[in-house]
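**Student:** Data: my_file.cif, mmCIF, C-alpha atoms.
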data_upload
#
loop_
_atom_site.label_atom_id
_atom_site.label_comp_id
_atom_site.auth_asym_id
_atom_site.auth_seq_id
_atom_site.Cartn_x
_atom_site.Cartn_y
_atom_site.Cartn_z
CA MET P 1 -25.94 -7.03 64.08
CA ASN P 2 -22.77 -5.88 65.77
CA ILE P 3 -20.07 -3.88 64.07
CA HIS P 4 -17.67 -6.84 63.69
CA LYS P 5 -20.24 -8.93 61.81
CA LEU P 6 -21.10 -5.99 59.56
CA VAL P 7 -17.43 -5.43 58.65
CA TRP P 8 -17.01 -9.15 57.98
CA LEU P 9 -20.09 -9.21 55.71
CA LEU P 10 -18.97 -6.17 53.73
CA SER P 11 -15.50 -7.66 53.29
CA LEU P 12 -17.05 -10.90 52.01
CA ILE P 13 -19.19 -9.01 49.49
CA ILE P 14 -16.18 -7.04 48.22
CA CYS P 15 -14.12 -10.23 47.85
CA LEU P 16 -16.91 -11.95 45.92
CA ALA P 17 -17.22 -8.94 43.60
CA ILE P 18 -13.48 -8.99 42.90
CA VAL P 19 -13.54 -12.73 42.13
CA VAL P 20 -16.52 -12.35 39.78
CA GLY P 21 -14.75 -9.49 37.99
CA ILE P 22 -11.59 -11.54 37.51
CA ILE P 23 -13.53 -14.52 36.14
CA ALA P 24 -15.46 -12.27 33.76
CA SER P 25 -12.28 -10.66 32.46
CA LEU P 26 -10.75 -14.07 31.78
CA SER P 27 -13.79 -15.48 30.00
CA ILE P 28 -14.57 -12.51 27.71
CA PRO P 29 -12.05 -11.99 24.88
CA LYS P 30 -10.78 -8.43 24.66
CA LYS P 31 -10.76 -6.48 21.44
CA PRO P 32 -7.46 -4.98 20.31
CA SER P 33 -6.80 -1.59 21.87
CA THR P 34 -6.87 0.64 18.82
CA SER P 35 -8.60 3.71 17.48
CA PHE P 36 -8.63 2.26 13.97
CA GLU P 37 -12.11 1.41 12.71
CA LYS P 38 -11.58 -1.44 10.27
CA GLU P 39 -7.91 -2.19 10.79
CA ILE P 40 -6.37 -4.44 13.42
CA ILE P 41 -3.00 -3.57 14.86
CA SER P 42 -0.92 -6.36 16.33
CA ASP P 43 2.61 -5.54 17.43
CA ASN P 44 4.22 -3.97 14.34
CA MET P 45 1.66 -5.32 11.85
CA ILE P 46 -1.35 -3.46 10.47
CA TYR P 47 -4.07 -5.49 8.80
CA LEU P 48 -5.39 -3.41 5.91
CA PRO P 49 -9.08 -3.14 4.98
CA LEU P 50 -10.03 -6.07 2.78
CA PRO P 51 -10.02 -5.38 -0.98
CA LYS P 52 -13.40 -4.59 -2.53
CA LYS P 53 -14.97 -2.69 -5.39
CA ILE P 54 -14.96 0.98 -4.42
CA THR P 55 -15.00 2.81 -7.78
CA ASP P 56 -17.33 2.99 -10.76
CA VAL P 57 -14.50 3.59 -13.22
CA SER P 58 -14.34 1.04 -16.03
CA VAL P 59 -11.13 -0.51 -17.33
CA GLU P 60 -11.60 1.48 -20.54
CA GLU P 61 -11.88 4.74 -18.62
CA ALA P 62 -8.89 3.98 -16.42
CA ILE P 63 -6.71 3.23 -19.46
CA LEU P 64 -7.98 6.36 -21.21
CA ARG P 65 -7.18 8.65 -18.29
CA ARG P 66 -3.92 7.06 -17.18
CA ARG P 67 -1.24 9.73 -17.14
CA SER P 68 1.97 10.47 -15.23
CA ILE P 69 1.12 13.15 -12.66
CA ARG P 70 3.76 14.82 -10.51
CA ASP P 71 1.94 17.67 -8.74
CA TYR P 72 0.04 16.74 -5.59
CA THR P 73 -2.02 18.53 -2.97
CA SER P 74 -1.42 18.14 0.76
CA GLU P 75 -4.68 16.21 1.19
CA PRO P 76 -4.08 12.73 2.63
CA LEU P 77 -5.00 9.39 1.13
CA THR P 78 -7.35 7.08 2.99
CA ILE P 79 -6.32 3.73 4.41
CA MET P 80 -8.78 2.10 1.99
CA GLU P 81 -7.10 3.77 -0.98
CA LEU P 82 -3.72 2.56 0.25
CA SER P 83 -5.19 -0.92 0.65
CA MET P 84 -6.47 -0.99 -2.92
CA LEU P 85 -3.22 0.37 -4.36
CA LEU P 86 -1.14 -2.34 -2.69
CA TRP P 87 -3.62 -5.03 -3.64
CA ALA P 88 -3.49 -3.87 -7.28
CA VAL P 89 0.31 -3.92 -7.30
CA GLN P 90 0.87 -7.34 -5.79
CA GLY P 91 -2.24 -8.62 -4.01
CA ILE P 92 -3.86 -12.04 -4.16
CA SER P 93 -6.41 -12.59 -6.95
CA GLU P 94 -6.71 -16.41 -6.91
CA VAL P 95 -7.14 -18.39 -3.72
CA ARG P 96 -6.22 -21.96 -4.63
CA TYR P 97 -2.56 -21.29 -5.37
CA GLY P 98 -2.27 -17.73 -4.09
CA LEU P 99 -1.73 -16.21 -7.52
CA ARG P 100 -1.38 -12.44 -7.68
CA THR P 101 -2.78 -9.44 -9.53
CA ALA P 102 0.31 -9.01 -11.75
CA PRO P 103 1.51 -11.86 -13.99
CA SER P 104 4.77 -13.55 -13.02
CA ALA P 105 6.96 -15.95 -14.98
CA GLY P 106 6.28 -19.40 -13.55
CA ALA P 107 4.53 -17.74 -10.59
CA THR P 108 7.97 -17.19 -9.06
CA TYR P 109 6.94 -13.76 -7.70
CA PRO P 110 10.29 -12.01 -7.25
CA LEU P 111 8.85 -8.65 -6.20
CA GLU P 112 8.83 -7.18 -2.68
CA ILE P 113 6.82 -4.04 -1.92
CA TYR P 114 7.69 -1.26 0.53
CA VAL P 115 5.70 1.89 1.33
CA VAL P 116 7.15 5.14 2.63
CA VAL P 117 4.31 6.95 4.43
CA GLY P 118 4.45 10.66 5.21
CA GLU P 119 3.39 12.45 8.38
CA ASN P 120 -0.44 12.75 8.51
CA ARG P 121 -0.70 11.58 4.90
CA VAL P 122 -2.77 8.40 5.23
CA LYS P 123 -6.06 8.92 7.05
CA VAL P 124 -7.47 5.99 8.98
CA ASN P 125 -10.60 7.68 10.34
CA GLU P 126 -11.77 11.17 11.24
CA THR P 127 -9.18 11.56 14.00
CA SER P 128 -6.38 9.07 13.26
CA TYR P 129 -3.57 8.78 10.73
CA LEU P 130 -1.26 5.94 9.87
CA ALA P 131 2.01 6.58 11.67
CA PRO P 132 4.75 7.88 9.35
CA GLY P 133 7.33 5.27 8.53
CA VAL P 134 8.62 2.63 6.20
CA TYR P 135 6.35 -0.39 5.88
CA LYS P 136 6.68 -3.69 4.04
CA TYR P 137 3.64 -5.21 2.35
CA ASP P 138 2.73 -8.70 3.54
CA VAL P 139 1.11 -10.20 0.44
CA GLN P 140 -0.45 -13.25 2.06
CA ARG P 141 -2.14 -11.37 4.90
CA HIS P 142 -2.77 -8.10 3.07
CA ALA P 143 -1.03 -6.27 5.86
CA LEU P 144 1.71 -3.75 6.53
CA ILE P 145 4.73 -4.61 8.64
CA LEU P 146 6.39 -1.61 10.25
CA VAL P 147 10.07 -1.55 9.29
CA LYS P 148 10.99 1.74 10.94
CA GLU P 149 9.21 4.85 12.17
CA GLY P 150 9.60 8.36 10.79
CA ASP P 151 8.88 10.39 7.65
CA PHE P 152 11.58 9.40 5.14
CA ARG P 153 10.14 11.09 2.04
CA ASP P 154 12.81 13.79 2.05
CA GLU P 155 15.63 11.25 2.23
CA LEU P 156 13.98 9.20 -0.51
CA ALA P 157 13.62 12.29 -2.72
CA LYS P 158 17.32 13.11 -2.31
CA ALA P 159 18.21 9.51 -3.22
CA SER P 160 15.95 9.93 -6.29
CA LEU P 161 18.05 12.75 -7.75
CA ASP P 162 16.05 15.25 -5.68
CA GLN P 163 12.84 14.80 -7.66
CA PRO P 164 10.37 16.90 -5.64
CA TRP P 165 7.27 14.77 -6.29
CA VAL P 166 8.84 11.99 -4.23
CA ARG P 167 8.89 14.43 -1.31
CA THR P 168 5.41 15.92 -1.81
CA ALA P 169 3.51 12.68 -2.47
CA ALA P 170 1.45 11.28 0.38
CA ILE P 171 3.19 7.92 -0.01
CA ASP P 172 5.96 6.40 -2.08
CA ILE P 173 5.70 2.77 -3.12
CA VAL P 174 9.10 1.15 -3.64
CA ILE P 175 9.21 -2.08 -5.65
CA CYS P 176 12.22 -4.32 -5.14
CA ALA P 177 13.19 -7.55 -6.85
CA VAL P 178 14.75 -10.75 -5.55
CA TYR P 179 16.15 -11.93 -8.87
CA GLU P 180 17.13 -15.38 -7.62
CA ARG P 181 13.51 -16.46 -7.29
CA THR P 182 13.13 -16.25 -11.06
CA THR P 183 16.67 -16.88 -12.34
CA TYR P 184 16.78 -20.10 -10.29
CA ARG P 185 14.22 -21.51 -12.71
CA TYR P 186 14.95 -19.60 -15.93
CA GLY P 187 18.63 -18.75 -15.69
CA GLU P 188 19.87 -15.43 -17.03
CA ARG P 189 16.68 -15.06 -19.08
CA GLY P 190 14.85 -14.69 -15.79
CA ILE P 191 16.32 -11.20 -15.34
CA ARG P 192 14.27 -10.08 -18.33
CA TYR P 193 11.17 -11.72 -16.89
CA VAL P 194 11.63 -9.85 -13.60
CA HIS P 195 11.81 -6.53 -15.44
CA MET P 196 8.67 -7.42 -17.38
CA GLU P 197 6.92 -8.22 -14.13
CA VAL P 198 7.77 -4.95 -12.41
CA GLY P 199 6.27 -3.17 -15.43
CA HIS P 200 3.05 -5.16 -15.04
CA ALA P 201 2.88 -4.26 -11.33
CA ALA P 202 3.59 -0.58 -11.99
CA GLN P 203 0.87 -0.38 -14.63
CA ASN P 204 -1.56 -1.85 -12.11
CA ALA P 205 -0.56 0.96 -9.74
CA TYR P 206 -1.24 3.52 -12.49
CA LEU P 207 -4.67 2.12 -13.32
CA MET P 208 -5.81 1.76 -9.73
CA ALA P 209 -4.58 5.27 -8.89
CA THR P 210 -6.48 6.60 -11.90
CA ALA P 211 -9.66 4.78 -10.88
CA LEU P 212 -9.34 6.21 -7.36
CA GLY P 213 -8.87 9.76 -8.65
CA LEU P 214 -5.25 9.83 -7.50
CA GLY P 215 -2.08 10.84 -9.29
CA THR P 216 1.12 8.84 -9.68
CA VAL P 217 4.31 8.55 -11.71
CA VAL P 218 6.89 5.78 -11.93
CA ILE P 219 10.51 6.71 -11.23
CA GLY P 220 13.57 4.75 -12.23
CA ALA P 221 16.20 7.45 -11.68
CA PHE P 222 17.64 6.92 -8.20
CA TYR P 223 20.71 5.65 -6.40
CA ASP P 224 19.94 2.00 -5.77
CA ASP P 225 22.08 1.59 -2.65
CA GLU P 226 20.70 4.72 -1.01
CA VAL P 227 17.08 3.74 -1.64
CA ALA P 228 17.75 0.24 -0.33
CA GLU P 229 19.28 1.70 2.83
CA ILE P 230 16.41 4.12 3.40
CA ILE P 231 13.78 1.38 3.28
CA SER P 232 16.04 -1.14 5.08
CA ALA P 233 15.73 -3.62 2.23
CA ALA P 234 17.29 -7.05 2.60
CA PRO P 235 20.67 -7.53 0.83
CA ASN P 236 19.06 -9.57 -1.96
CA GLU P 237 16.23 -7.05 -2.54
CA HIS P 238 17.11 -4.66 -5.38
CA PRO P 239 15.02 -1.47 -5.84
CA LEU P 240 13.58 -1.13 -9.35
CA TYR P 241 10.85 1.49 -9.04
CA VAL P 242 9.89 4.37 -6.78
CA ILE P 243 6.22 5.26 -7.26
CA PRO P 244 4.93 8.45 -5.61
CA VAL P 245 1.16 8.64 -5.11
CA GLY P 246 -0.91 11.64 -4.05
CA ARG P 247 -4.03 13.63 -4.81
CA PRO P 248 -3.42 15.52 -8.05
CA VAL P 249 -3.47 19.29 -8.17
CA LYS P 250 -4.99 18.99 -11.64
CA PRO P 251 -6.42 15.59 -12.65
CA TYR P 252 -5.97 14.60 -16.27
CA THR P 253 -9.23 14.55 -18.21
CA ILE P 254 -10.04 13.41 -21.73
CA SER P 255 -12.97 11.68 -23.44
CA PHE P 256 -13.31 8.95 -26.02
CA GLU P 257 -14.84 11.59 -28.28
CA ASP P 258 -11.55 13.51 -28.11
CA ILE P 259 -9.66 10.35 -29.08
CA GLY P 260 -12.13 9.65 -31.88
CA ARG P 261 -11.64 13.10 -33.38
CA TYR P 262 -7.85 12.63 -33.21
CA TYR P 263 -8.00 9.33 -35.11
CA LEU P 264 -10.40 10.67 -37.70
CA GLU P 265 -8.10 13.62 -38.35
CA LYS P 266 -5.10 11.30 -38.80
CA ARG P 267 -7.15 9.24 -41.24
CA GLY P 268 -8.09 12.34 -43.19
CA GLN P 269 -11.74 11.80 -42.31
CA LYS P 270 -12.25 14.98 -40.33
#
Could you spell out this file's structure in structure tokens?
**Tutor:**
Amino acid sequence: MNIHKLVWLLSLIICLAIVVGIIASLSIPKKPSTSFEKEIISDNMIYLPLPKKITDVSVEEAILRRRSIRDYTSEPLTIMELSMLLWAVQGISEVRYGLRTAPSAGATYPLEIYVVVGENRVKVNETSYLAPGVYKYDVQRHALILVKEGDFRDELAKASLDQPWVRTAAIDIVICAVYERTTYRYGERGIRYVHMEVGHAAQNAYLMATALGLGTVVIGAFYDDEVAEIISAAPNEHPLYVIPVGRPVKPYTISFEDIGRYYLEKRGQK
């Protein structure tokens, strides 16, 4: 075989290999390029791990040990813990009508949930962290939508009368209300219903945090306009609660035996 035929044959083989590679790349769907293990990132949306039972803490125990905790360590939360917190606050718990974990007057669901995430404060896996930023919770898809990048805990703390636990928490959940969703149906009385609902959602946050071994406290003292600006809330979204969450320096502990002795003493049956 002369040199010209050999070159021609090699060129043909290379061309065939390139064509086969192109066809293979078109026919095999590619997985998202991400280092996250159980999360899928698409554009500015992060699909959270699906809710599931991850604690052995009973409702009775969670209620017993629920306490406002303001001192947190620097240890991060996990993405699964963040997933369960958001699901508890406003996730889906009924699939026919899309009803949620917190009761709502007429299922009008006026609440919108934002999360301020600190730098290296939500661990995704052994090597990755959720990027710091302000995220909005997508209730229907159990996902986070990136609103803006950066660690805004310091700004949020200053807007919250400089309460330091807002700054030191791993995350801060901000609950806003769109009053019109409820007042459209119930008139002025709907304002009261919205405030009831945010209390239900906040208590869910307390109980889930307690079950997860986390610490939290609800905060109502802040400058509304400043908080709304920090999280880039829509004009009709009014902040009602800032809820810092972190790992407690000293978890609150108590037993039902302790409560029993207290009641017996008050009854004079000690």
**Student:** Do you have, as a Markdown table, the list of residues of stretch 82-191 of chain P lying at most 8 Å from stretch 227-244 of chain P, each with its nearest atom pair and that distance in Å to one decimal, counting only C-alpha atoms and ordered by chain then number?
**Tutor:**
| residue | atom | partner | partner_atom | distance |
| --- | --- | --- | --- | --- |
| P:Glu112 | CA | P:Glu237 | CA | 7.4 |
| P:Tyr114 | CA | P:Ile231 | CA | 7.2 |
| P:Val116 | CA | P:Ile231 | CA | 7.6 |
| P:Val134 | CA | P:Ile231 | CA | 6.1 |
| P:Val147 | CA | P:Ser232 | CA | 7.3 |
| P:Phe152 | CA | P:Ile230 | CA | 7.4 |
| P:Glu155 | CA | P:Ile230 | CA | 7.3 |
| P:Leu156 | CA | P:Val227 | CA | 6.4 |
| P:Ala159 | CA | P:Val227 | CA | 6.1 |
| P:Ser160 | CA | P:Val227 | CA | 7.8 |
| P:Trp165 | CA | P:Pro244 | CA | 6.8 |
| P:Val166 | CA | P:Pro244 | CA | 5.5 |
| P:Ala169 | CA | P:Pro244 | CA | 5.5 |
| P:Ala170 | CA | P:Pro244 | CA | 7.5 |
| P:Ile171 | CA | P:Pro244 | CA | 5.9 |
| P:Asp172 | CA | P:Pro244 | CA | 4.2 |
| P:Ile173 | CA | P:Ile243 | CA | 4.9 |
| P:Val174 | CA | P:Val242 | CA | 4.6 |
| P:Ile175 | CA | P:Tyr241 | CA | 5.2 |
| P:Cys176 | CA | P:Pro239 | CA | 4.1 |
| P:Ala177 | CA | P:His238 | CA | 5.1 |
| P:Val178 | CA | P:Glu237 | CA | 5.0 |
| P:Tyr179 | CA | P:Asn236 | CA | 7.9 |
**Student:** In terms of the shortest atom-to-atom distance over all atoms listed in the file, which of P:Arg70, P:Arg167, P:Arg141, P:Lys148 is closest to P:Leu48?
**Tutor:**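 The answer is P:Arg141, which sits nearest to P:Leu48.
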**Student:** Give as a list of chain:residue names the residues that the PyMOL selection byres ((chain P and resi 254) around 12) matches when applied to the coordinates above.
**Tutor:** P:Glu61, P:Ala62, P:Ile63, P:Leu64, P:Arg65, P:Arg66, P:Arg67, P:Pro251, P:Tyr252, P:Thr253, P:Ser255, P:Phe256, P:Glu257, P:Asp258, P:Ile259, P:Gly260, P:Arg261, P:Tyr262
**Student:** Any chance you could work out the residue set of the PyMOL selection byres ((chain P and resi 221) around 8) here, as a VMD selection string?
**Tutor:** chain P and resid 160 to 161 219 to 220 222 to 223
**Student:** Could you tell me which residues the PyMOL selection byres ((chain P and resi 83) around 10) grabs in this file, written as a PDB file with C-alpha atoms, in the coordinates of the input?
**Tutor:**
ATOM      1  CA  TYR P  47      -4.070  -5.490   8.800  1.00  0.00           C
ATOM      2  CA  LEU P  48      -5.390  -3.410   5.910  1.00  0.00           C
ATOM      3  CA  PRO P  49      -9.080  -3.140   4.980  1.00  0.00           C
ATOM      4  CA  LEU P  50     -10.030  -6.070   2.780  1.00  0.00           C
ATOM      5  CA  PRO P  51     -10.020  -5.380  -0.980  1.00  0.00           C
ATOM      6  CA  LYS P  52     -13.400  -4.590  -2.530  1.00  0.00           C
ATOM      7  CA  THR P  78      -7.350   7.080   2.990  1.00  0.00           C
ATOM      8  CA  ILE P  79      -6.320   3.730   4.410  1.00  0.00           C
ATOM      9  CA  MET P  80      -8.780   2.100   1.990  1.00  0.00           C
ATOM     10  CA  GLU P  81      -7.100   3.770  -0.980  1.00  0.00           C
ATOM     11  CA  LEU P  82      -3.720   2.560   0.250  1.00  0.00           C
ATOM     12  CA  MET P  84      -6.470  -0.990  -2.920  1.00  0.00           C
ATOM     13  CA  LEU P  85      -3.220   0.370  -4.360  1.00  0.00           C
ATOM     14  CA  LEU P  86      -1.140  -2.340  -2.690  1.00  0.00           C
ATOM     15  CA  TRP P  87      -3.620  -5.030  -3.640  1.00  0.00           C
ATOM     16  CA  ALA P  88      -3.490  -3.870  -7.280  1.00  0.00           C
ATOM     17  CA  GLY P  91      -2.240  -8.620  -4.010  1.00  0.00           C
ATOM     18  CA  TYR P 137       3.640  -5.210   2.350  1.00  0.00           C
ATOM     19  CA  HIS P 142      -2.770  -8.100   3.070  1.00  0.00           C
ATOM     20  CA  ALA P 143      -1.030  -6.270   5.860  1.00  0.00           C
ATOM     21  CA  LEU P 144       1.710  -3.750   6.530  1.00  0.00           C
TER      22      LEU P 144
END
**Student:** Could you check the closest approach to P:Glu226 for each of P:Ala209, P:Ala157, P:Ala102, P:Leu214 and tell me which residue wins, using only C-alpha atoms?
**Tutor:**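 For P:Glu226, the nearest of the candidates is P:Ala157.
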**Student:** Which residues are near P:Gln90? Cut-off 8 Å, only C-alpha atoms, ignore same chain within fewer than 4 positions. Put them as a list in words.
**Tutor:**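 Once the nearby chain positions are removed, what remains is Leu86, Arg100, Thr101, Ala102, Ile113, Val139 and Ala201 of chain P.
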**Student:** Mind pulling up the distance from atom CA of P:Thr182 to atom CA of P:Val194?
**Tutor:**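 Going from atom CA of P:Val194 over to atom CA of P:Thr182 covers 7.0 Å.
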**Student:** Could you tell me how far atom CA of P:Tyr186 lies from atom CA of P:Val198, in Å and to one decimal?
**Tutor:**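 Here the two named atoms are 16.7 Å from each other.
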**Student:** Which value, in Å to one decimal, gives the distance between atom CA of P:Gln140 and atom CA of P:Gly118?
**Tutor:**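 Distance reported for this atom pair: 24.6 Å.
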**Student:** Which of these, P:Val218, P:Ala205, P:Val115, P:Ala105, has the shortest distance to P:Asp151 once you count only C-alpha atoms?
**Tutor:** P:Val115
**Student:** Between P:Ile54, P:Leu77, P:Lys136, P:Ala211, which has the minimum distance to P:Val124 (counting only C-alpha atoms)?
**Tutor:** P:Leu77
